[in-house]
Structure formats: structure tokens, C-alpha cells
Amino acid sequence: MKIKVTLKRSYAGKTEKMRKVLQALGLRKIGMTVLHAKNPAISGMLHKVSHLVHVEDAVETTP
């Protein structure tokens with residue numbers, strides 16, 4: 001199962017830990033969206049920055 005993560009708020013003024021989590025998720029600019037597999041590591045990272053991102057289930061299409 002995949003999840004779609006979008007950066008909704010700026011991380012300016014946030015702690016270095018939060019910046020590194022967003023960098024590890026691949027989010028650099030507001031409005032940027034990335035896809036990740038749902039697993040405990042990603043879930044923990046999203047919990048840490050939940051107030052900055054929007055998370056939703058990705059629609060998986062098979063060819």
C-alpha cells in the first residue's frame with residue numbers, strides 16, 4: 001500500500017530534527033508531493049511532522 005505525502009506548511013523556524021525528517025521524506029518545497037510505501041519507519045516520520053504535511057492513500061493503478 002502506498003501513501004501520498006504533501007508538504008503543506010513551511011519548515012522555516014522548525015527544529016533541525018524536523019528539517020532532517022522532511023529532507024529524508026524527499027519534501028523540499030511547499031506543495032511538493034511524494035509517494036512512499038506504508039511501513040512503521042515512514043509512519044513514525046510522518047507522526048513527527050504531522051502538523052506540516054497532508055497524508056492520504058494513493059490510488060494504485062495496474063496496467
# chains A, B, ... in the order shown; residues from 1 in each chain; ligands from 1
call {"tool": "select_by_dssp", "arguments": {"residues": "chain A", "states": "alpha helix (DSSP H)", "output": "list of chain:residue names"}}
result
A:Glu16, A:Lys17, A:Met18, A:Arg19, A:Lys20, A:Val21, A:Leu22, A:Gln23, A:Ala24, A:Leu25, A:Pro40, A:Ala41, A:Ile42, A:Ser43, A:Gly44, A:Met45, A:Leu46, A:His47, A:Lys48
call {"tool": "write_last_selection", "arguments": {"atoms": "C-alpha atoms", "output": "tab-separated table (two decimals), in the first residue's frame"}}
result
chain	number	residue	atom	x	y	z
A	16	GLU	CA	16.80	20.70	12.88
A	17	LYS	CA	15.27	17.26	13.57
A	18	MET	CA	12.07	18.20	11.75
A	19	ARG	CA	14.03	19.58	8.79
A	20	LYS	CA	16.01	16.36	8.53
A	21	VAL	CA	12.83	14.26	8.67
A	22	LEU	CA	11.30	16.29	5.82
A	23	GLN	CA	14.52	16.00	3.85
A	24	ALA	CA	14.54	12.22	4.37
A	25	LEU	CA	10.94	12.06	3.14
A	40	PRO	CA	6.46	1.66	10.51
A	41	ALA	CA	9.51	3.80	9.71
A	42	ILE	CA	7.61	6.15	7.40
A	43	SER	CA	4.65	6.26	9.80
A	44	GLY	CA	6.95	7.38	12.62
A	45	MET	CA	8.47	10.09	10.46
A	46	LEU	CA	5.03	11.35	9.46
A	47	HIS	CA	3.92	11.41	13.08
A	48	LYS	CA	6.87	13.66	13.88
call {"tool": "select_by_dssp", "arguments": {"residues": "segment 15-58 of chain A", "states": "strand (DSSP E)", "output": "VMD selection string"}}
result
chain A and resid 33 to 37 53 to 57
call {"tool": "write_last_selection", "arguments": {"atoms": "N, CA and C atoms", "output": "compact mmCIF listing (two decimals), in the first residue's frame"}}
result
# COMPACT_ATOMS: atom_id res chain seq x y z
N THR A 33 4.76 16.86 -3.57
CA THR A 33 4.13 15.60 -3.21
C THR A 33 5.05 14.43 -3.54
N VAL A 34 5.13 13.46 -2.63
CA VAL A 34 5.93 12.25 -2.85
C VAL A 34 5.09 11.03 -2.48
N LEU A 35 5.45 9.90 -3.06
CA LEU A 35 4.80 8.62 -2.74
C LEU A 35 5.76 7.77 -1.92
N HIS A 36 5.23 7.12 -0.90
CA HIS A 36 6.03 6.23 -0.06
C HIS A 36 5.22 4.98 0.24
N ALA A 37 5.93 3.88 0.45
CA ALA A 37 5.27 2.66 0.92
C ALA A 37 4.93 2.85 2.38
N VAL A 53 2.43 18.36 7.15
CA VAL A 53 2.14 17.60 5.93
C VAL A 53 0.69 17.16 5.87
N HIS A 54 0.26 16.80 4.66
CA HIS A 54 -1.06 16.21 4.44
C HIS A 54 -0.82 14.82 3.88
N VAL A 55 -1.44 13.80 4.50
CA VAL A 55 -1.23 12.42 4.11
C VAL A 55 -2.55 11.83 3.62
N GLU A 56 -2.48 11.11 2.49
CA GLU A 56 -3.66 10.41 2.00
C GLU A 56 -3.22 9.13 1.30
N ASP A 57 -4.15 8.20 1.17
CA ASP A 57 -3.86 6.95 0.47
C ASP A 57 -3.72 7.23 -1.02
call {"tool": "atom_distance", "arguments": {"atom1": "atom CA of Lys8 of chain A", "atom2": "atom CA of Lys29 of chain A"}}
result
8.9 Å
call {"tool": "atom_distance", "arguments": {"atom1": "atom CA of Ala12 of chain A", "atom2": "atom CA of Asn39 of chain A"}}
result
27.3 Å
call {"tool": "atom_distance", "arguments": {"atom1": "atom CA of Lys4 of chain A", "atom2": "atom CA of Val59 of chain A"}}
result
8.9 Å
call {"tool": "closest_residue", "arguments": {"among": "A:Ala58, A:Val49, A:Met1, A:Leu7", "to": "Met32 of chain A", "atoms": "only C-alpha atoms"}}
result
A:Leu7
call {"tool": "decode", "arguments": {"residues": "segment 22-53 of chain A", "atoms": "N, CA, C and O atoms", "output": "PDB file, in the first residue's frame"}}
result
ATOM      1  N   LEU A  22      11.896  15.876   7.095  1.00  0.00           N
ATOM      2  CA  LEU A  22      11.299  16.289   5.823  1.00  0.00           C
ATOM      3  C   LEU A  22      12.252  16.040   4.664  1.00  0.00           C
ATOM      4  O   LEU A  22      11.833  15.608   3.585  1.00  0.00           O
ATOM      5  N   GLN A  23      13.529  16.259   4.884  1.00  0.00           N
ATOM      6  CA  GLN A  23      14.521  16.001   3.850  1.00  0.00           C
ATOM      7  C   GLN A  23      14.578  14.501   3.537  1.00  0.00           C
ATOM      8  O   GLN A  23      14.651  14.104   2.380  1.00  0.00           O
ATOM      9  N   ALA A  24      14.509  13.670   4.569  1.00  0.00           N
ATOM     10  CA  ALA A  24      14.535  12.225   4.374  1.00  0.00           C
ATOM     11  C   ALA A  24      13.288  11.738   3.644  1.00  0.00           C
ATOM     12  O   ALA A  24      13.344  10.757   2.887  1.00  0.00           O
ATOM     13  N   LEU A  25      12.164  12.413   3.858  1.00  0.00           N
ATOM     14  CA  LEU A  25      10.941  12.063   3.137  1.00  0.00           C
ATOM     15  C   LEU A  25      10.980  12.540   1.695  1.00  0.00           C
ATOM     16  O   LEU A  25      10.158  12.122   0.876  1.00  0.00           O
ATOM     17  N   GLY A  26      11.912  13.425   1.357  1.00  0.00           N
ATOM     18  CA  GLY A  26      12.030  13.930  -0.005  1.00  0.00           C
ATOM     19  C   GLY A  26      11.213  15.176  -0.260  1.00  0.00           C
ATOM     20  O   GLY A  26      10.960  15.524  -1.413  1.00  0.00           O
ATOM     21  N   LEU A  27      10.801  15.866   0.802  1.00  0.00           N
ATOM     22  CA  LEU A  27       9.989  17.079   0.665  1.00  0.00           C
ATOM     23  C   LEU A  27      10.870  18.307   0.803  1.00  0.00           C
ATOM     24  O   LEU A  27      11.523  18.496   1.828  1.00  0.00           O
ATOM     25  N   ARG A  28      10.898  19.163  -0.232  1.00  0.00           N
ATOM     26  CA  ARG A  28      11.742  20.349  -0.199  1.00  0.00           C
ATOM     27  C   ARG A  28      10.947  21.640  -0.258  1.00  0.00           C
ATOM     28  O   ARG A  28      11.310  22.604   0.386  1.00  0.00           O
ATOM     29  N   LYS A  29       9.884  21.670  -1.055  1.00  0.00           N
ATOM     30  CA  LYS A  29       9.124  22.908  -1.243  1.00  0.00           C
ATOM     31  C   LYS A  29       7.667  22.705  -0.861  1.00  0.00           C
ATOM     32  O   LYS A  29       7.144  21.596  -0.952  1.00  0.00           O
ATOM     33  N   ILE A  30       7.004  23.782  -0.481  1.00  0.00           N
ATOM     34  CA  ILE A  30       5.585  23.724  -0.158  1.00  0.00           C
ATOM     35  C   ILE A  30       4.825  23.294  -1.410  1.00  0.00           C
ATOM     36  O   ILE A  30       5.082  23.775  -2.511  1.00  0.00           O
ATOM     37  N   GLY A  31       3.912  22.361  -1.240  1.00  0.00           N
ATOM     38  CA  GLY A  31       3.123  21.844  -2.359  1.00  0.00           C
ATOM     39  C   GLY A  31       3.732  20.619  -3.016  1.00  0.00           C
ATOM     40  O   GLY A  31       3.096  19.987  -3.851  1.00  0.00           O
ATOM     41  N   MET A  32       4.945  20.276  -2.653  1.00  0.00           N
ATOM     42  CA  MET A  32       5.606  19.111  -3.229  1.00  0.00           C
ATOM     43  C   MET A  32       4.972  17.830  -2.697  1.00  0.00           C
ATOM     44  O   MET A  32       4.658  17.728  -1.513  1.00  0.00           O
ATOM     45  N   THR A  33       4.758  16.858  -3.571  1.00  0.00           N
ATOM     46  CA  THR A  33       4.127  15.595  -3.206  1.00  0.00           C
ATOM     47  C   THR A  33       5.051  14.435  -3.540  1.00  0.00           C
ATOM     48  O   THR A  33       5.672  14.424  -4.605  1.00  0.00           O
ATOM     49  N   VAL A  34       5.128  13.459  -2.633  1.00  0.00           N
ATOM     50  CA  VAL A  34       5.927  12.252  -2.850  1.00  0.00           C
ATOM     51  C   VAL A  34       5.093  11.029  -2.479  1.00  0.00           C
ATOM     52  O   VAL A  34       4.162  11.120  -1.691  1.00  0.00           O
ATOM     53  N   LEU A  35       5.447   9.898  -3.058  1.00  0.00           N
ATOM     54  CA  LEU A  35       4.802   8.619  -2.740  1.00  0.00           C
ATOM     55  C   LEU A  35       5.765   7.774  -1.919  1.00  0.00           C
ATOM     56  O   LEU A  35       6.954   7.706  -2.222  1.00  0.00           O
ATOM     57  N   HIS A  36       5.232   7.124  -0.896  1.00  0.00           N
ATOM     58  CA  HIS A  36       6.030   6.231  -0.061  1.00  0.00           C
ATOM     59  C   HIS A  36       5.221   4.984   0.240  1.00  0.00           C
ATOM     60  O   HIS A  36       3.989   5.030   0.307  1.00  0.00           O
ATOM     61  N   ALA A  37       5.926   3.883   0.450  1.00  0.00           N
ATOM     62  CA  ALA A  37       5.274   2.663   0.915  1.00  0.00           C
ATOM     63  C   ALA A  37       4.928   2.852   2.384  1.00  0.00           C
ATOM     64  O   ALA A  37       5.666   3.498   3.125  1.00  0.00           O
ATOM     65  N   LYS A  38       3.787   2.320   2.788  1.00  0.00           N
ATOM     66  CA  LYS A  38       3.369   2.473   4.186  1.00  0.00           C
ATOM     67  C   LYS A  38       4.083   1.410   5.026  1.00  0.00           C
ATOM     68  O   LYS A  38       3.885   0.217   4.834  1.00  0.00           O
ATOM     69  N   ASN A  39       4.939   1.861   5.936  1.00  0.00           N
ATOM     70  CA  ASN A  39       5.636   0.968   6.846  1.00  0.00           C
ATOM     71  C   ASN A  39       5.882   1.708   8.158  1.00  0.00           C
ATOM     72  O   ASN A  39       5.675   2.916   8.244  1.00  0.00           O
ATOM     73  N   PRO A  40       6.288   1.023   9.203  1.00  0.00           N
ATOM     74  CA  PRO A  40       6.457   1.665  10.511  1.00  0.00           C
ATOM     75  C   PRO A  40       7.460   2.824  10.515  1.00  0.00           C
ATOM     76  O   PRO A  40       7.260   3.813  11.226  1.00  0.00           O
ATOM     77  N   ALA A  41       8.514   2.735   9.732  1.00  0.00           N
ATOM     78  CA  ALA A  41       9.514   3.800   9.707  1.00  0.00           C
ATOM     79  C   ALA A  41       8.920   5.081   9.137  1.00  0.00           C
ATOM     80  O   ALA A  41       9.088   6.168   9.712  1.00  0.00           O
ATOM     81  N   ILE A  42       8.229   4.979   8.021  1.00  0.00           N
ATOM     82  CA  ILE A  42       7.611   6.151   7.397  1.00  0.00           C
ATOM     83  C   ILE A  42       6.503   6.695   8.288  1.00  0.00           C
ATOM     84  O   ILE A  42       6.352   7.910   8.445  1.00  0.00           O
ATOM     85  N   SER A  43       5.725   5.813   8.912  1.00  0.00           N
ATOM     86  CA  SER A  43       4.650   6.259   9.802  1.00  0.00           C
ATOM     87  C   SER A  43       5.201   7.068  10.974  1.00  0.00           C
ATOM     88  O   SER A  43       4.623   8.081  11.365  1.00  0.00           O
ATOM     89  N   GLY A  44       6.323   6.653  11.528  1.00  0.00           N
ATOM     90  CA  GLY A  44       6.949   7.384  12.621  1.00  0.00           C
ATOM     91  C   GLY A  44       7.442   8.747  12.189  1.00  0.00           C
ATOM     92  O   GLY A  44       7.300   9.733  12.912  1.00  0.00           O
ATOM     93  N   MET A  45       8.002   8.813  10.978  1.00  0.00           N
ATOM     94  CA  MET A  45       8.473  10.093  10.455  1.00  0.00           C
ATOM     95  C   MET A  45       7.300  11.046  10.236  1.00  0.00           C
ATOM     96  O   MET A  45       7.380  12.238  10.550  1.00  0.00           O
ATOM     97  N   LEU A  46       6.206  10.517   9.707  1.00  0.00           N
ATOM     98  CA  LEU A  46       5.028  11.346   9.459  1.00  0.00           C
ATOM     99  C   LEU A  46       4.395  11.821  10.760  1.00  0.00           C
ATOM    100  O   LEU A  46       3.881  12.936  10.833  1.00  0.00           O
ATOM    101  N   HIS A  47       4.445  11.006  11.780  1.00  0.00           N
ATOM    102  CA  HIS A  47       3.916  11.407  13.077  1.00  0.00           C
ATOM    103  C   HIS A  47       4.700  12.599  13.631  1.00  0.00           C
ATOM    104  O   HIS A  47       4.139  13.500  14.241  1.00  0.00           O
ATOM    105  N   LYS A  48       5.993  12.598  13.384  1.00  0.00           N
ATOM    106  CA  LYS A  48       6.868  13.662  13.880  1.00  0.00           C
ATOM    107  C   LYS A  48       6.561  15.015  13.233  1.00  0.00           C
ATOM    108  O   LYS A  48       6.685  16.056  13.870  1.00  0.00           O
ATOM    109  N   VAL A  49       6.141  15.002  11.968  1.00  0.00           N
ATOM    110  CA  VAL A  49       5.893  16.249  11.238  1.00  0.00           C
ATOM    111  C   VAL A  49       4.442  16.343  10.760  1.00  0.00           C
ATOM    112  O   VAL A  49       4.154  16.995   9.755  1.00  0.00           O
ATOM    113  N   SER A  50       3.531  15.737  11.485  1.00  0.00           N
ATOM    114  CA  SER A  50       2.135  15.657  11.049  1.00  0.00           C
ATOM    115  C   SER A  50       1.480  17.025  10.888  1.00  0.00           C
ATOM    116  O   SER A  50       0.554  17.179  10.089  1.00  0.00           O
ATOM    117  N   HIS A  51       1.947  18.031  11.610  1.00  0.00           N
ATOM    118  CA  HIS A  51       1.359  19.358  11.520  1.00  0.00           C
ATOM    119  C   HIS A  51       1.843  20.128  10.286  1.00  0.00           C
ATOM    120  O   HIS A  51       1.316  21.188   9.977  1.00  0.00           O
ATOM    121  N   LEU A  52       2.816  19.581   9.562  1.00  0.00           N
ATOM    122  CA  LEU A  52       3.357  20.249   8.379  1.00  0.00           C
ATOM    123  C   LEU A  52       2.942  19.587   7.071  1.00  0.00           C
ATOM    124  O   LEU A  52       3.095  20.182   6.005  1.00  0.00           O
ATOM    125  N   VAL A  53       2.432  18.363   7.147  1.00  0.00           N
ATOM    126  CA  VAL A  53       2.143  17.599   5.927  1.00  0.00           C
ATOM    127  C   VAL A  53       0.687  17.157   5.873  1.00  0.00           C
ATOM    128  O   VAL A  53      -0.012  17.129   6.886  1.00  0.00           O
TER     129      VAL A  53
END
